[in-house]
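K.L.:
Here it is, the structure, as structure tokens.
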Amino acid sequence: MSNKRPETMERITTPALAEAFIDEQISAIKAQVGEKKVLLALSGGVDSSVVAALLIKAIGKNLVCVHVNHGLLRKGEPEQVVAVFRGEMDANLVYVDAVDRFLDKLAGVSEPEQKRKIIGAEFIRVFEEEARKQEGIEFLAQGTIYPDILESGPVKAHHNVGGLPDDLKFELVEPLKFLFKDEVRVVGKALGLPDNMVYRQPFPGPGLGVRCLGAITRERLEAVRESDAILREEFAKNGLEGKVWQYFTVVPDFKSVGVKDGKRSFEYPVILRAVNTKDAMTATVEDVPFALLQHITERITHEVKGVNRVLYDLTPKPTGTIEWE
Ligand code: XMP
């Protein structure tokens, strides 16, 4: 099959166009897989969630979703995947708690590319083990979207479960491969996925692992996760959700002196990042109201264990990148 979006294909901008796309894809999926089983790595990101919802509509329990919790997801994400897909959509969902496995492998590793490699390789290993437990799988569904094929821009594709051994080279099912991100979101809405899943901001494949700088420790990983949850909550309360392109927190691997409860403290800082961009090649910093920054600082320093300072990163891209790593 060609990897070029057909020129006649209309841009999916409305619920009606999304419904038409969904109907068309359901027929195509049924024609491709028949009564056979399909495996999908379901991260809970927009693309894999939309693929899952579409395949559940087409083939029900013949779709086997595998959600690997590697411990590097945002607060509440693994729980939401289970609630939405098992709870609401009655999916055939395998939930794998691999937190200890990943964190043990990552212990003491500080080099960013090495961390990425370990996370990627361990993911394949866990997924492979789950695939081997399943009988009769012949297809692998993936949330590949058109920009992944065009390979444009620096938003790194993470959709392909490449690296599976030869005996697990399944035929691919890629129903979103000609869609742009905004179209995937329209389709996701039409499939009934929750807004916070459909309009989710970009999130690196290696997750919070890139934002917990240096060698990952459980303590600092929790500080990233808890501070990120506070930042997201405050941005939502103050009308910035959906307005700011990407925002998150970072925890570096050094401590500094502060005072807490009248005593000297020696704890980590949290860095806040909030940026706007069109294509992630360049980015500007959001002009967050100072009072809100102060409020977020107050909350993080009081509610997140092991943190005594909060900094706001004022660096555009270039010279910074969006992520810290
Ligand atoms: P940088 O930090 O290079 O990031 O300015 C540009 C955009 O790419 C996102 N990013 C990733 N996305 N898998 C992804 O799908 C990844 O491994 C990955 N790493 C970075 C980053 O969040 C930003 O939006």
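Ordering of the structure tokens sets the chain letters (A, B, ...); residue numbers start at 1 within each chain; ligands are numbered from 1 in the order shown.
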Where does DSSP see strand (DSSP E or B) in stretch 77-316 of chain A, if you list the residues as a VMD selection string?
P.N.:
chain A and resid 92 to 97 137 to 141 171 to 173 212 246 to 251 256 to 260 263 to 276 283 to 285 307 to 312
K.L.:
Show me which residues sit within 10 Å of ligand 1 when counting only C-alpha atoms and all ligand atoms, and put them as a count of residues only.
P.N.:
42
K.L.:
Excluding A:Leu42 and its own-chain neighbours fewer than 6 positions away, which residues fall within 6 Å of it when counting only C-alpha atoms? Please give them as a list in words.
P.N.:
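The contact residues come out as Ser48, Cys65, Val66 and His67 of chain A.
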K.L.:
Using only C-alpha atoms, which residues sit within 12 Å of A:Glu234 once same-chain residues fewer than 3 positions away are excluded, as a PyMOL selection string?
P.N.:
chain A and resi 227-231+237-241+247-248+288-289+291-300
K.L.:
I need the residues in stretch 169-292 of chain A that are helix (DSSP H, G or I) according to DSSP; give them as a ChimeraX atom specification.
P.N.:
/A:181-190,195-198,207-210,218-237,290-292
K.L.:
Give me the residues near A:Ala52 as a ChimeraX atom specification, where near means some atom within 12 Å (using only C-alpha atoms) and where sequence neighbours in that chain fewer than 6 positions away do not count.
P.N.:
/A:26,38-46,58-67,81,84-86,89-93,140-143,173-176,187-188,191-193
K.L.:
With C-alpha atoms retained, export the selected residues as a PDB file, in the first residue's frame.
P.N.:
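Written file, result-v4.pdb:
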ATOM      1  CA  ILE A  26     -14.149  -0.068  10.295  1.00  0.00           C
ATOM      2  CA  VAL A  38      -4.668  -7.818  16.656  1.00  0.00           C
ATOM      3  CA  LEU A  39      -2.149  -6.625  19.236  1.00  0.00           C
ATOM      4  CA  LEU A  40      -1.690  -2.963  20.191  1.00  0.00           C
ATOM      5  CA  ALA A  41       0.710  -1.192  22.536  1.00  0.00           C
ATOM      6  CA  LEU A  42      -1.641   1.299  24.181  1.00  0.00           C
ATOM      7  CA  SER A  43       0.293   4.109  25.853  1.00  0.00           C
ATOM      8  CA  GLY A  44      -2.729   6.305  26.492  1.00  0.00           C
ATOM      9  CA  GLY A  45      -1.372   9.018  24.183  1.00  0.00           C
ATOM     10  CA  VAL A  46      -3.708  10.489  21.576  1.00  0.00           C
ATOM     11  CA  ALA A  58     -14.391  -2.749  14.437  1.00  0.00           C
ATOM     12  CA  ILE A  59     -13.344  -6.030  16.082  1.00  0.00           C
ATOM     13  CA  GLY A  60     -14.174  -5.788  19.803  1.00  0.00           C
ATOM     14  CA  LYS A  61     -12.254  -8.264  21.956  1.00  0.00           C
ATOM     15  CA  ASN A  62     -10.139  -9.497  19.069  1.00  0.00           C
ATOM     16  CA  LEU A  63      -8.082  -6.399  19.759  1.00  0.00           C
ATOM     17  CA  VAL A  64      -5.626  -7.115  22.568  1.00  0.00           C
ATOM     18  CA  CYS A  65      -4.392  -3.852  24.085  1.00  0.00           C
ATOM     19  CA  VAL A  66      -1.221  -3.956  26.150  1.00  0.00           C
ATOM     20  CA  HIS A  67      -0.622  -1.015  28.468  1.00  0.00           C
ATOM     21  CA  VAL A  81      -6.186   4.076  30.529  1.00  0.00           C
ATOM     22  CA  VAL A  84     -11.543   4.363  29.887  1.00  0.00           C
ATOM     23  CA  PHE A  85     -10.613   1.232  27.966  1.00  0.00           C
ATOM     24  CA  ARG A  86     -11.479  -1.552  30.393  1.00  0.00           C
ATOM     25  CA  MET A  89     -15.126   0.463  26.383  1.00  0.00           C
ATOM     26  CA  ASP A  90     -14.943  -3.078  27.744  1.00  0.00           C
ATOM     27  CA  ALA A  91     -11.651  -3.604  25.941  1.00  0.00           C
ATOM     28  CA  ASN A  92      -9.483  -6.684  26.107  1.00  0.00           C
ATOM     29  CA  LEU A  93      -6.760  -4.843  28.024  1.00  0.00           C
ATOM     30  CA  LEU A 140       0.030  -5.452  15.073  1.00  0.00           C
ATOM     31  CA  ALA A 141      -1.874  -2.148  15.214  1.00  0.00           C
ATOM     32  CA  GLN A 142       0.125   1.060  15.437  1.00  0.00           C
ATOM     33  CA  GLY A 143      -0.759   4.708  15.930  1.00  0.00           C
ATOM     34  CA  VAL A 173      -2.741  -2.251  10.892  1.00  0.00           C
ATOM     35  CA  GLU A 174      -2.273   1.517  10.697  1.00  0.00           C
ATOM     36  CA  PRO A 175      -5.655   3.206  10.273  1.00  0.00           C
ATOM     37  CA  LEU A 176      -4.398   6.744  11.057  1.00  0.00           C
ATOM     38  CA  VAL A 187     -11.771  11.381  15.074  1.00  0.00           C
ATOM     39  CA  GLY A 188     -10.988  10.736  18.755  1.00  0.00           C
ATOM     40  CA  LEU A 191     -15.195   7.992  18.999  1.00  0.00           C
ATOM     41  CA  GLY A 192     -16.180   9.295  22.437  1.00  0.00           C
ATOM     42  CA  LEU A 193     -12.736   9.545  24.020  1.00  0.00           C
TER      43      LEU A 193
END
K.L.:
With only C-alpha atoms as the basis for distance, which of A:Ile271, A:Leu103, A:Leu168, A:Ile119 is at the shortest distance from A:Arg132?
P.N.:
A:Leu168
K.L.:
How many Å separate atom CA of A:Val270 from atom CA of A:Val82?
P.N.:
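Taking atom CA of A:Val270 and atom CA of A:Val82, their separation equals 29.7 Å.
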K.L.:
Considering only C-alpha atoms, can you say which of A:Ala31, A:Leu272, A:Val68, A:Leu208 comes closest to A:Asp97?
P.N.:
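Among A:Ala31, A:Leu272, A:Val68, A:Leu208, it is A:Val68 that comes nearest to A:Asp97.
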K.L.:
Taking 4 positions as the minimum chain separation for residues in the same chain, which residues sit within 9 Å of A:Lys105 when counting only C-alpha atoms? Answer as an mmCIF file with N, CA, C and O atoms, in the first residue's frame.
P.N.:
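Generated output (selection22.cif):
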data_model
loop_
_atom_site.group_PDB
_atom_site.id
_atom_site.type_symbol
_atom_site.label_atom_id
_atom_site.label_comp_id
_atom_site.auth_asym_id
_atom_site.auth_seq_id
_atom_site.Cartn_x
_atom_site.Cartn_y
_atom_site.Cartn_z
ATOM 1 N N ASP A 100 8.983 -1.389 38.561
ATOM 2 C CA ASP A 100 10.251 -1.772 39.204
ATOM 3 C C ASP A 100 11.291 -2.199 38.173
ATOM 4 O O ASP A 100 12.464 -1.859 38.275
ATOM 5 N N ARG A 101 10.828 -2.934 37.186
ATOM 6 C CA ARG A 101 11.739 -3.391 36.127
ATOM 7 C C ARG A 101 12.451 -2.239 35.452
ATOM 8 O O ARG A 101 13.675 -2.260 35.259
ATOM 9 N N VAL A 109 22.042 5.334 35.803
ATOM 10 C CA VAL A 109 22.347 5.730 34.418
ATOM 11 C C VAL A 109 22.000 7.211 34.234
ATOM 12 O O VAL A 109 20.843 7.608 34.364
ATOM 13 N N ILE A 118 17.708 2.491 27.065
ATOM 14 C CA ILE A 118 17.267 1.489 28.051
ATOM 15 C C ILE A 118 15.743 1.437 28.101
ATOM 16 O O ILE A 118 15.142 0.355 28.090
ATOM 17 N N ILE A 119 15.109 2.611 28.115
ATOM 18 C CA ILE A 119 13.639 2.654 28.186
ATOM 19 C C ILE A 119 13.039 1.997 26.938
ATOM 20 O O ILE A 119 12.136 1.167 27.019
ATOM 21 N N GLU A 122 13.784 -1.875 26.960
ATOM 22 C CA GLU A 122 13.007 -2.573 27.990
ATOM 23 C C GLU A 122 11.536 -2.636 27.578
ATOM 24 O O GLU A 122 10.855 -3.639 27.800
#
K.L.:
Using Å and a single decimal, report how far atom CA of A:Val307 sits from atom CA of A:Met197.
P.N.:
29.1 Å
